[in-house]
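Heads up, the thing below is written out as structure tokens.
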Amino acid sequence: VVLFGGSAPPVPNPNRDILGGKGLGLQEMGRIGVDVPPGFTLITPLCQVYEKGDDLPNEVWDLVMEAIKQVEKDTGKKFGAEKNPLLFSCRSGAAISMPGMMDTVLNIGLNDTTVEALAKETDARFAYDSYRRLLDMFGDVTLGMPHEAFEETMNSLKMKYGVKNDVEFTADHLKELVVLYKNVYKERNQVFPDVPLEQLRSCIKAVFGSWNSERARKYREIKSITGLIGTACNIQTMVFGNLGQTSGTGVAFSRNPSSGEAKMMGEYLINAQGEDVVAGIRTPEPISKMKEVLPEAYDQFVKNVKLLERHFGDMQDVEFTVENGKLWMLQCRSGKRTGHAAFKIAVDMVNEGLTTKEDALMRIDSDHVRQILHPTFSKEALSSSRYTENVVAVGLAGGPGAAVGKIVFNTSEAEKLAHEKVILVREVTSPEDVGGMWASQGILTARGGITSHAAVVARGWGKPCVCGCEDLLVDEQAGKMTIKSTGKVFKEGDVISINGSTGEVVGVEIETSSVSVEGPFGVVLDWADQIADSLKVLANADSGADAAKARELGAQGIGLTRTEHQFFSPDRLPVVRRWILRGEGLDKVREFQRSDFRDIFKAMNGLPVTVRMLDPPLHEFLPRPSQVDDDMAKTLGYEDPDDLIDAIQSMHEENPMLGLRGCRLAIVREGLTTMQVEAIMHAAADLKEKDPTADPRPRIMIPLVGNVAEFKHQALEVKAAAKRVLEIRNLNSTDIPFEVGTMIEVPRAALVSDQLAGLLDEDGTNLCNFFSFGTNDLTQMTLGISRDDAGAFIPKYTEKDILPDDPFKTIDEDGVGWLVKFSALNGRKANPNLSLSVCGEHGGDPDSIKFFDSIGLDYVSCSPFRVPVARLAKAQAAI
Ligand code: ADP
Ligand code: MG
Ligand code: MG
């Protein structure tokens, strides 16, 4: 149990894992002289202790008693006393913030006696307002009573007295409300404990218990938050924002969390307490306005925020309360931000000397990168009449970006229809909606400010969000929403577009476009390359356009080209099929391959382009027998469609993944490798011929090798074919330097990697210039888990901790990773110049990249849009 604020002695090494984020913030603020209401933290390991026995041992309760005494000394008040009573809040707070996922109870310590004492010392209206809040929160959090029960009771009282907003209630109304709330308890056979200490104990237990609530678990699951021991529990002296016109409460970011602009952004409410702001009950005022209403508190607030930014070296998200003009800070943490803001803030804060490049880089995560690459509405779309004439409502810009989808009104529909792209439309979101928010493209709410739950969660996930769209009337039951000002009605399933950067809601589908590397995004990625220049990042790309995109995103070459992906275009497919079935027309296939390679070499001029020889089982390109008709048969050279069907069926394989594919196919189907090498080398020569300074760098990669002889057979064929082309084109091997290598994806290849790497050509040079670990197949074959069927059980496995992660997403270090490391070492021993790389999905996964970097690989290769993620991850691995 650790004290903070007041006379608390500073903790030597305050630790986030132990104190939780909130506890750490309070501790640090107290230490650097920012006023926080004094209190104490029950540390996170106690959450586990609690979970084991559903209670805390007596020793802990004794420490709590001692801590209470200390706080009583600091505040001059007494918990539960009939005069000058001390009230507490009980607040959850784990090491990683989970906004709104766990519970908080305010005003603990009030009962029929202390409320009178408080009323006498301050004001009766205020005292009873606090009391009814306690009854509501306590019932909800510790006894699982529905918050709605209290809300309904309050609404009926509002009706009775013609009161619109809760601030209009008089003291007598609130006294009556307290009686009614107590009836809510009675109706449910629940008891509200009068003894303050009992209240506190129940709240502490409930806060620890809320760690495992369904919504908290779901949030952790979605955010992949693992390895935490639990939440801490903070007990803090209450300060009151609901004490009248010189009191208030609010939240603010030290910089704009949407755009990153270096300007404070926040909201506050006068005469309100705690959750009123975040819960979106009343729409709050912008923080800049507080300067006029509470000037002294505002000035102090600006000072505090600056101090905190400097102290933590990061943008801050703070909560505060003003009690009779005096400012108290209640929480600080690194603020969640959009991808755009993350990069702008990083660059600005480094320029302002508030943090280092390294620290700034560590604060950016792969989600931020993903968001930057997210779609927006293009400038053209924004100025088109389709857009401007169809704006049906404007709310607040809650989370930037463009989203288009069908309207759904609840979480279960959103989850059900997620594959169709949906926009979740809610009156106001609650923490139970997280699943639906995750499943949807964007979120639209009628109520709540930019710090409401919906907006915070949306920005955290990079989901476009429009909130507080007050012109909207949402009727979930009837499955429709109405624009109040115009009467226009939208039904479930109607397509709308939302612009989270401007708050506009557009009643039709608007086209979206993706962004490129420019501004702060590019600056930060350049830092990343400077910090970690040992591991390179290449891209997997199959066309000139993809290659160009990859290069723009910083790829240093191509690690994997699978041009057979281009075989499916309507003009090519018949040609390919004819060759597969009848062995005819290989020349034609070569010609379109040649033109593809030309485009790719051009886009990657001066950088390596690794081309994999044809790998998939051939029948992947064939029609299903049911698709065959006379026309198709004729095109493919068969008189009788049945003959075509027979031909297709003769190629059927029981287990194609382990069948005739990769180098096996090339060995059996003679001429296949030669054709591809000719296409590659002619393409390179074509470029050279056009422009002698062109610098194509082909690397030819043999897939699915398990035996040394397989590789040797293919490598010799490649070399011979390449030499022939060079001769024909009057070029030599210095004009077009080319390399040959193998994929390591069959476990046997990994085991004989020294033999593979040690192979020599007849002239004594190495036959194998590189290994590229095909970790998709290597994982599949090492684990004996089919990639295509893994979905049925891997999620269960990770849930039950049988596997730490999906092995197709994050490399299985002990098994597959060991094979990679083993063959890298042995390969290098046999050939010190051997280039080593990864071209599986793992090449774009931050955790796997750390591992590949640690074992000394030369590069990873991933899809173009993962390239920036990988660049960032390798720098973070190096820092
Ligand atoms: P969350 O983690 O959901 O943000 P908090 O523990 O921060 O929950 O509590 C929610 C709100 O309750 C805070 O924003 C703050 O306004 C209010 N609150 C918490 N503790 C106190 C306190 N000691 N005095 C006044 N208000 C408080
Ligand atoms: Mg908070
Ligand atoms: Mg493979």
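By convention in this document, the chains of the structure tokens carry letters A, B, ... by their order, each chain's residues are numbered from 1, and ligands are numbered from 1 in the order they are shown.
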Could you give me, as CSV, a per-residue list for region 111-218 of chain A showing, wherever an atom lies at most 10 Å from an atom of region 259-272 of chain A, the closest pair of atoms and their distance in Å to one decimal, using only C-alpha atoms and sorting by chain then residue number from low to high?
```
residue,atom,partner,partner_atom,distance
A:Phe126,CA,A:Asn271,CA,9.3
A:Asp129,CA,A:Ala272,CA,9.8
A:Asp166,CA,A:Ala272,CA,9.7
A:Val167,CA,A:Asn271,CA,7.7
```
Could you save the residues just selected, with N, CA and C atoms, as a short mmCIF file (atom, residue, chain, number, x, y, z; two decimals), in the first residue's frame?
```cif
data_model
loop_
_atom_site.label_atom_id
_atom_site.label_comp_id
_atom_site.auth_asym_id
_atom_site.auth_seq_id
_atom_site.Cartn_x
_atom_site.Cartn_y
_atom_site.Cartn_z
N PHE A 126 -25.47 20.22 -2.70
CA PHE A 126 -24.25 19.53 -3.07
C PHE A 126 -24.12 18.19 -2.33
N ASP A 129 -26.46 15.65 -3.66
CA ASP A 129 -26.07 15.30 -5.02
C ASP A 129 -24.95 14.26 -4.97
N ASP A 166 -29.98 17.53 -14.56
CA ASP A 166 -29.85 17.24 -13.13
C ASP A 166 -29.36 18.43 -12.30
N VAL A 167 -28.67 19.41 -12.96
CA VAL A 167 -28.23 20.57 -12.18
C VAL A 167 -29.40 21.41 -11.67
#
```
Gly435 (chain A) surroundings by only C-alpha atoms, 9 Å radius, close-in-sequence under 6 positions cut, as a ChimeraX atom specification: /A:215,218-219,222,411-412,414-415
Among listed residues A:Arg697, A:Arg664, A:Arg91, A:Lys874, nearest ligand 1 (using only C-alpha atoms and all ligand atoms): A:Arg91
Expected answer as a PyMOL selection string: strand (DSSP E or B) residues in region 477-571 of chain A: chain A and resi 480-483+489-491+495-499+504-506+513+536-540+558-561
Could the residues in this selection be saved with C-alpha atoms as a PDB file, in the first residue's frame?
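Saved as out.pdb:
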```
ATOM      1  CA  LYS A 480     -33.755   3.879 -37.975  1.00  0.00           C
ATOM      2  CA  MET A 481     -32.154   7.230 -37.428  1.00  0.00           C
ATOM      3  CA  THR A 482     -33.732  10.565 -38.199  1.00  0.00           C
ATOM      4  CA  ILE A 483     -32.057  13.858 -38.999  1.00  0.00           C
ATOM      5  CA  VAL A 489     -34.732   9.051 -42.260  1.00  0.00           C
ATOM      6  CA  PHE A 490     -32.027   6.385 -42.640  1.00  0.00           C
ATOM      7  CA  LYS A 491     -32.746   2.743 -42.037  1.00  0.00           C
ATOM      8  CA  VAL A 495     -24.996   3.162 -46.775  1.00  0.00           C
ATOM      9  CA  ILE A 496     -23.532   6.338 -45.321  1.00  0.00           C
ATOM     10  CA  SER A 497     -20.065   7.883 -45.192  1.00  0.00           C
ATOM     11  CA  ILE A 498     -18.598   9.639 -42.201  1.00  0.00           C
ATOM     12  CA  ASN A 499     -15.700  12.042 -42.107  1.00  0.00           C
ATOM     13  CA  GLU A 504     -19.548  15.456 -41.422  1.00  0.00           C
ATOM     14  CA  VAL A 505     -22.063  12.706 -42.056  1.00  0.00           C
ATOM     15  CA  VAL A 506     -22.738  12.089 -45.730  1.00  0.00           C
ATOM     16  CA  SER A 513      -8.253   6.888 -51.180  1.00  0.00           C
ATOM     17  CA  LYS A 536      16.913  -4.034 -44.273  1.00  0.00           C
ATOM     18  CA  VAL A 537      13.246  -4.075 -45.183  1.00  0.00           C
ATOM     19  CA  LEU A 538      12.234  -5.356 -48.604  1.00  0.00           C
ATOM     20  CA  ALA A 539       8.771  -5.906 -50.009  1.00  0.00           C
ATOM     21  CA  ASN A 540       6.721  -8.707 -51.468  1.00  0.00           C
ATOM     22  CA  ILE A 558      11.848  -6.930 -53.465  1.00  0.00           C
ATOM     23  CA  GLY A 559      12.247 -10.025 -51.345  1.00  0.00           C
ATOM     24  CA  LEU A 560       9.554 -12.016 -53.044  1.00  0.00           C
ATOM     25  CA  THR A 561       7.834 -11.749 -56.410  1.00  0.00           C
TER      26      THR A 561
END
```
Shell around Ala633 (chain A) at 12 Å using only C-alpha atoms, local window under 4 positions removed, as number ranges by chain: A: 574, 577-578, 581, 622-623, 625, 627-629, 637-648
Written file, previous selection with N, CA and C atoms, as a compact mmCIF listing (two decimals), in the first residue's frame:
```
# COMPACT_ATOMS: atom_id res chain seq x y z
N PRO A 574 -6.57 -18.37 -70.11
CA PRO A 574 -6.68 -19.44 -71.11
C PRO A 574 -5.31 -19.90 -71.62
N ARG A 577 -3.77 -22.05 -68.92
CA ARG A 577 -4.46 -23.34 -68.83
C ARG A 577 -4.07 -24.26 -69.98
N ARG A 578 -3.96 -23.70 -71.14
CA ARG A 578 -3.61 -24.50 -72.31
C ARG A 578 -2.22 -25.10 -72.13
N LEU A 581 -2.44 -27.93 -69.41
CA LEU A 581 -3.13 -29.14 -69.81
C LEU A 581 -2.49 -29.83 -71.01
N LEU A 622 -6.61 -24.24 -62.82
CA LEU A 622 -7.58 -24.90 -63.70
C LEU A 622 -9.01 -24.63 -63.25
N PRO A 623 -9.95 -24.71 -64.20
CA PRO A 623 -11.36 -24.54 -63.80
C PRO A 623 -11.84 -25.77 -63.04
N PRO A 625 -14.41 -28.79 -62.70
CA PRO A 625 -15.12 -29.52 -63.77
C PRO A 625 -16.52 -28.95 -64.00
N GLN A 627 -17.43 -26.02 -64.07
CA GLN A 627 -17.40 -24.77 -64.84
C GLN A 627 -17.20 -25.00 -66.34
N VAL A 628 -16.87 -26.24 -66.66
CA VAL A 628 -16.50 -26.51 -68.06
C VAL A 628 -17.72 -26.44 -68.97
N ASP A 629 -17.59 -25.74 -70.09
CA ASP A 629 -18.64 -25.80 -71.13
C ASP A 629 -17.96 -25.92 -72.50
N GLY A 637 -8.60 -26.20 -76.57
CA GLY A 637 -8.13 -27.17 -77.55
C GLY A 637 -8.74 -28.55 -77.42
N TYR A 638 -9.94 -28.65 -76.81
CA TYR A 638 -10.60 -29.95 -76.69
C TYR A 638 -11.89 -29.95 -77.49
N GLU A 639 -12.09 -30.99 -78.33
CA GLU A 639 -13.33 -31.12 -79.08
C GLU A 639 -14.47 -31.41 -78.12
N ASP A 640 -14.20 -32.37 -77.23
CA ASP A 640 -15.25 -32.87 -76.34
C ASP A 640 -15.01 -32.34 -74.92
N PRO A 641 -15.98 -31.64 -74.36
CA PRO A 641 -15.80 -31.11 -73.00
C PRO A 641 -15.42 -32.19 -71.99
N ASP A 642 -15.93 -33.42 -72.20
CA ASP A 642 -15.59 -34.49 -71.26
C ASP A 642 -14.10 -34.78 -71.23
N ASP A 643 -13.46 -34.59 -72.38
CA ASP A 643 -12.01 -34.80 -72.41
C ASP A 643 -11.31 -33.76 -71.54
N LEU A 644 -11.83 -32.53 -71.58
CA LEU A 644 -11.24 -31.49 -70.74
C LEU A 644 -11.44 -31.84 -69.27
N ILE A 645 -12.66 -32.29 -68.94
CA ILE A 645 -12.93 -32.67 -67.55
C ILE A 645 -11.98 -33.77 -67.10
N ASP A 646 -11.79 -34.77 -67.96
CA ASP A 646 -10.86 -35.85 -67.62
C ASP A 646 -9.46 -35.30 -67.36
N ALA A 647 -9.05 -34.40 -68.26
CA ALA A 647 -7.71 -33.84 -68.12
C ALA A 647 -7.56 -33.10 -66.79
N ILE A 648 -8.61 -32.34 -66.43
CA ILE A 648 -8.57 -31.61 -65.16
C ILE A 648 -8.49 -32.59 -64.00
```
At most 8 Å from ligand 3 (only C-alpha atoms and all ligand atoms): residue list as number ranges by chain: A: 615, 662, 703-704, 743, 745, 774-778
Pairwise distance for CA of Pro846 (chain A) and CA of His374 (chain A), rounded to one decimal in Å: 18.7 Å
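The shortest atom-to-atom distance to Gln530 (chain A), with only C-alpha atoms taken into account, belongs to A:Leu872 out of A:Lys22, A:Leu872, A:Ala792, A:Asn769.
Considering the residues A:Glu28, A:Glu151, A:Asp55, A:Glu275 and counting only C-alpha atoms and all ligand atoms, ligand 1 has its shortest atom-to-atom contact with A:Glu275.
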